[in-house]
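Asks: Dropping the structure in here first, questions after.
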Amino acid sequence: MKIKSPLLTSICAAAMMAMLPATSSAQDLPDILTSDEHYLPDFSYAGYKFGMEEVPGASGKVINVSKYGAKPNDGVDDTQGIKDAIAAANNVKGAVTVRFHAGKFIITDIIEVTRSDIVLQGSGRSEAGTTLYFPRPLRMVDDGGKLSEIRKYLVKYEKRQRDKDANLDVLFSEYSWTSGFIWIGRKGHRSYAYLEEYDRPADPSLSTGLNGQRGKRTIKVTNAASFTPGQRIQVLWHNRQGENGALVQSLYNNTEAKVGSRHWTSPEKPLVKQRTVVESVNGDTITIADTLLHDINADLPANLTAWAPLENVGVEDFRFEFAASPYFGHHVEQGYNGVYLTDSADSWVRNLTFLNADSGIISYDSANVTISDIRSIGDRPAHYAVHMGNVHNFLAERVQVFNPVIHSLTFNTQSTRSVYKDAEVFSAAVLDQHAGANHQNLFDNVTLHIDAKPGKKRASYPVFNGSGAGYWQPGHGSFNTAWNLQLIVESGAPGNQTVHVEGLAEGPDARIIGLSGNRPLTLEYNPAPYVEDMNVRVDMVPSLYEYQLQQRKMGK
């Protein structure tokens, strides 16, 4: 996308120069930014409106929940009043803001948001702002059958958490990675497919992609008449060629690591989904808003379908507070989950605090969402702070994690070209690349505070500690990137002792640029990544996302 205004171009150029030291030159840039030998995705398309517009303020008609009986600080359950306010908002044409005064609101049921152009707006994320208090977990809430499929799935496949030391052998909780008290998505929408018996006919194809190049934005199609500028579409790659199919090769670049069976056992379900927008149509070729994740050709065909998500949905300026309760272990969470964001695009979640959540934000089946200024606190261990699963072009910036979270910062199943930027983790820090064909994701200018494990020759710490089921391994696909990752060793390694950074079961073709900290670091990452500027911070380009965004705005 080129900017035609000379004034705006000059402003962007000045902003770019302001990011760089006065003595810098192109020769000083990391090699990976100037060489064609090592592919680096353009991550700048992440976030609201593909990074090209700021997240807007709340607008439209204002509906105050207090007028519908939801009064803060009166000790009375406010659930019905909030639901009535949202029902009134659903009758408003155009943009609408559902506003909460400062104070404490009690919620005991799922609050559904099922329309576009709506913002839930509190009065701030501190204790002096708007607190949404949840005295009981989702396990004690009737979800109306929303989670029936995942419950059957857990039973059918005996998905159990087994821990002999804790005398634990129980089915996984359906709330470990789904559901939330604020539930965003179209009515009847199925955010993730678990069982074939629930499958519906696939969305009709608009066209077949004939030719396209990874990293470019044009696609030659069989039926260009199906497309119009501004149209939302999905570019879907299926693996119908089995274990050694072209898509598996494109995902993992002939890795020697074992590739799990889920990559080829459901050939009629897309393995990779790129949700995007048509920018223009020219003859038999369309131009889309962001660059292709993979090639499109005879060996690697793509199907193009329509996509109609919710748009311009916002949740902002709240403190989510969950009742103090025992911690029973990983995968047996009771459902103290905050925001469940599904089926959405060009939306946002910002300025939130989560106290004692099992998971603060869980997302699925969405694209181009900006998540910003999130704080996770509390004493009880949590599963996720911010979860990205089956999403594309997500931007999570300024996420702060103070409580012990099992997967501090996570790229989950089928997440693509998404970004954690300027995040900081203070407790049990882990970068989790959670298998499931997640690829081309970025940890950008992230700081981790760690307690190294002491050793006779060197201390160590598993910074990259991915997980995920064996049938979805490796830990990630090609081109997952860590840029200016900073490790602050709080204990376990005195003075100048080296700390050994581990990533023992990750994925191929990772890029690790600018790994540094307050101790000398060594790195063991398997499979071997591309590494540059070890023990050196890339001060010239503090944020890869911002650098690439400025380059794009300048038309480079």
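Chain labels A, B, ... are given in the sequence in which chains occur in the structure tokens; within each chain residues are numbered consecutively from 1, and ligands are likewise numbered from 1 in the order shown.
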Can you check which parts of range 26-78 of chain A lie within 7 Å of range 392-405 of chain A? Per residue, the shortest pair of atoms and distance in Å to one decimal, counting only C-alpha atoms, sorted by chain and number, as a Markdown table.

Replies:
```
| residue | atom | partner | partner_atom | distance |
| --- | --- | --- | --- | --- |
| A:Tyr45 | CA | A:Asn393 | CA | 6.2 |
| A:Ala46 | CA | A:Asn393 | CA | 3.9 |
| A:Gly47 | CA | A:Leu395 | CA | 4.6 |
```

Asks: Restricting the output to N, CA and C atoms, write the selected residues as a tab-separated table (two decimals), in the first residue's frame.

Replies:
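Full text of out_38.tsv as output:
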```
chain	number	residue	atom	x	y	z
A	45	TYR	N	1.66	-5.88	9.04
A	45	TYR	CA	0.22	-5.92	8.74
A	45	TYR	C	-0.61	-6.28	9.96
A	46	ALA	N	0.04	-6.62	11.06
A	46	ALA	CA	-0.70	-7.01	12.26
A	46	ALA	C	-1.42	-5.81	12.87
A	47	GLY	N	-2.57	-6.07	13.45
A	47	GLY	CA	-3.31	-5.04	14.16
A	47	GLY	C	-4.45	-4.45	13.36
```

Asks: Neighbours of range 437-439 of chain A within 6 Å (only C-alpha atoms; same-chain residues fewer than 3 positions away dropped), as a PyMOL selection string?

Replies: chain A and resi 413-416+476-478+480

Asks: Can you list, as a PDB file with C-alpha atoms, in the first residue's frame, every protein, DNA or RNA residue that comes within 9 Å of Val277 in chain A when you count only C-alpha atoms, leaving out same-chain residues fewer than 2 positions away?

Replies:
```pdb
ATOM      1  CA  PRO A 229     -12.596  -3.892  -3.624  1.00  0.00           C
ATOM      2  CA  GLY A 230     -13.165  -3.822   0.136  1.00  0.00           C
ATOM      3  CA  GLN A 231     -14.506  -7.378   0.239  1.00  0.00           C
ATOM      4  CA  ARG A 232     -13.387  -9.611   3.111  1.00  0.00           C
ATOM      5  CA  ILE A 233     -12.145 -13.011   2.010  1.00  0.00           C
ATOM      6  CA  GLN A 234     -10.250 -16.034   3.250  1.00  0.00           C
ATOM      7  CA  ARG A 275      -8.170 -13.689   6.393  1.00  0.00           C
ATOM      8  CA  GLU A 279      -7.858  -4.072  -2.464  1.00  0.00           C
ATOM      9  CA  THR A 287      -4.544  -7.570  -4.997  1.00  0.00           C
ATOM     10  CA  ILE A 288      -5.087  -8.247  -1.307  1.00  0.00           C
ATOM     11  CA  ALA A 289      -4.329  -6.052   1.689  1.00  0.00           C
ATOM     12  CA  ASP A 290      -1.479  -8.136   3.146  1.00  0.00           C
TER      13      ASP A 290
END
```

Asks: What is the CA of Ala459 in chain A-CA of Thr498 in chain A distance in Å, reported with one decimal?

Replies: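 So the answer is 6.5 Å.
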
Asks: May I have the residues within 8 Å of Asp284 in chain A as a list in words, using only C-alpha atoms and disregarding those fewer than 6 positions away in the same chain?

Replies: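 Contacts, with the query itself left out: Lys220, Val221, Thr222, Asn223 and Ala224 of chain A.
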
Asks: Identify, with DSSP run on backbone atoms, the residues in range 185-352 of chain A assigned to alpha helix (DSSP H), and express the list as a PyMOL selection string.

Replies: chain A and resi 246-252

Asks: Could you write out that same residue set with C-alpha atoms as a PDB file, in the first residue's frame?

Replies:
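Listed below is the output, result23.pdb:
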```pdb
ATOM      1  CA  ALA A 246       3.554 -29.435  -0.665  1.00  0.00           C
ATOM      2  CA  LEU A 247       1.848 -27.438   2.101  1.00  0.00           C
ATOM      3  CA  VAL A 248       3.627 -29.429   4.826  1.00  0.00           C
ATOM      4  CA  GLN A 249       6.894 -28.752   3.024  1.00  0.00           C
ATOM      5  CA  SER A 250       6.084 -25.056   2.789  1.00  0.00           C
ATOM      6  CA  LEU A 251       5.183 -24.934   6.482  1.00  0.00           C
ATOM      7  CA  TYR A 252       8.271 -26.769   7.718  1.00  0.00           C
TER       8      TYR A 252
END
```

Asks: Considering only C-alpha atoms, can you say which of A:Tyr192, A:Phe411, A:Tyr336, A:Tyr133 comes closest to Phe320 in chain A?

Replies: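 Residue with the minimum atom-to-atom distance to Phe320 in chain A: A:Tyr133.
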
Asks: So which one's closest to Arg139 in chain A, A:Pro301, A:Pro454, A:Pro30, A:Gly335? Using only C-alpha atoms, please.

Replies: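 Using only C-alpha atoms, the shortest distance to Arg139 in chain A belongs to A:Gly335.
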
Asks: Within 12 Å of Trp348 in chain A, counting only C-alpha atoms, which residues qualify if same-chain residues fewer than 3 places away don't, as number ranges by chain?

Replies: A: 47-49, 54-58, 116-121, 184, 310-317, 339, 341-342, 344-345, 351-352, 361, 363, 366-374, 394-397

Asks: Keeping only C-alpha atoms, write the selected residues to a file as a PDB file, in the first residue's frame.

Replies:
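Result saved to result_31.pdb:
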```pdb
ATOM      1  CA  GLY A  47      -3.307  -5.039  14.164  1.00  0.00           C
ATOM      2  CA  TYR A  48      -6.307  -2.860  13.444  1.00  0.00           C
ATOM      3  CA  LYS A  49      -6.738  -1.982   9.756  1.00  0.00           C
ATOM      4  CA  GLU A  54      -4.983   4.056  14.837  1.00  0.00           C
ATOM      5  CA  VAL A  55      -7.555   2.244  16.939  1.00  0.00           C
ATOM      6  CA  PRO A  56     -10.514   4.640  17.092  1.00  0.00           C
ATOM      7  CA  GLY A  57     -12.201   6.062  20.151  1.00  0.00           C
ATOM      8  CA  ALA A  58     -15.659   4.942  21.212  1.00  0.00           C
ATOM      9  CA  SER A 116     -20.599  -5.034  14.948  1.00  0.00           C
ATOM     10  CA  ASP A 117     -19.895  -1.369  15.750  1.00  0.00           C
ATOM     11  CA  ILE A 118     -20.183  -1.683  19.515  1.00  0.00           C
ATOM     12  CA  VAL A 119     -17.824  -0.759  22.340  1.00  0.00           C
ATOM     13  CA  LEU A 120     -18.068  -1.874  25.960  1.00  0.00           C
ATOM     14  CA  GLN A 121     -16.417   0.984  27.814  1.00  0.00           C
ATOM     15  CA  ILE A 184     -17.796 -11.882  21.430  1.00  0.00           C
ATOM     16  CA  LEU A 310     -18.009  -8.831  13.311  1.00  0.00           C
ATOM     17  CA  GLU A 311     -16.222  -5.509  12.847  1.00  0.00           C
ATOM     18  CA  ASN A 312     -15.312  -2.588  15.085  1.00  0.00           C
ATOM     19  CA  VAL A 313     -15.980  -4.305  18.385  1.00  0.00           C
ATOM     20  CA  GLY A 314     -14.124  -2.904  21.368  1.00  0.00           C
ATOM     21  CA  VAL A 315     -13.701  -3.730  25.050  1.00  0.00           C
ATOM     22  CA  GLU A 316     -11.796  -1.077  26.993  1.00  0.00           C
ATOM     23  CA  ASP A 317     -11.024   0.425  30.382  1.00  0.00           C
ATOM     24  CA  VAL A 339     -12.772 -11.945  27.275  1.00  0.00           C
ATOM     25  CA  LEU A 341     -13.065 -12.912  21.286  1.00  0.00           C
ATOM     26  CA  THR A 342     -14.096 -14.869  18.196  1.00  0.00           C
ATOM     27  CA  SER A 344     -13.989 -10.584  14.632  1.00  0.00           C
ATOM     28  CA  ALA A 345     -11.889  -8.233  12.524  1.00  0.00           C
ATOM     29  CA  ASN A 351      -6.536  -1.003  28.877  1.00  0.00           C
ATOM     30  CA  LEU A 352      -7.648  -3.976  30.965  1.00  0.00           C
ATOM     31  CA  ILE A 361      -8.152 -12.978  26.826  1.00  0.00           C
ATOM     32  CA  SER A 363      -9.164 -15.468  20.851  1.00  0.00           C
ATOM     33  CA  SER A 366     -10.332 -13.594  13.943  1.00  0.00           C
ATOM     34  CA  ALA A 367      -7.960 -11.206  12.200  1.00  0.00           C
ATOM     35  CA  ASN A 368      -6.464  -7.734  12.523  1.00  0.00           C
ATOM     36  CA  VAL A 369      -7.272  -7.198  16.176  1.00  0.00           C
ATOM     37  CA  THR A 370      -5.196  -4.898  18.380  1.00  0.00           C
ATOM     38  CA  ILE A 371      -4.815  -5.916  22.028  1.00  0.00           C
ATOM     39  CA  SER A 372      -3.017  -3.282  24.075  1.00  0.00           C
ATOM     40  CA  ASP A 373      -2.138  -2.248  27.614  1.00  0.00           C
ATOM     41  CA  ILE A 374      -3.117  -5.481  29.334  1.00  0.00           C
ATOM     42  CA  PHE A 394      -3.055  -9.977  15.715  1.00  0.00           C
ATOM     43  CA  LEU A 395      -1.052  -7.308  17.523  1.00  0.00           C
ATOM     44  CA  ALA A 396      -0.687  -7.567  21.306  1.00  0.00           C
ATOM     45  CA  GLU A 397       1.344  -4.644  22.613  1.00  0.00           C
TER      46      GLU A 397
END
```

Asks: From a DSSP calculation on the backbone, collect every residue of range 23-72 of chain A in strand (DSSP E) and output the set as a list in words.

Replies: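 Matching residues for strand (DSSP E) in range 23-72 of chain A are Lys61, Val62, Ile63 and Asn64 of chain A.
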
Asks: Take the residues that were just selected and, keeping C-alpha atoms, output them as a PDB file, in the first residue's frame.

Replies:
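Saved result, result-v1.pdb, follows:
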```pdb
ATOM      1  CA  LYS A  61     -25.035   6.594  20.722  1.00  0.00           C
ATOM      2  CA  VAL A  62     -24.138   6.081  24.389  1.00  0.00           C
ATOM      3  CA  ILE A  63     -26.138   3.628  26.477  1.00  0.00           C
ATOM      4  CA  ASN A  64     -25.376   3.665  30.188  1.00  0.00           C
TER       5      ASN A  64
END
```
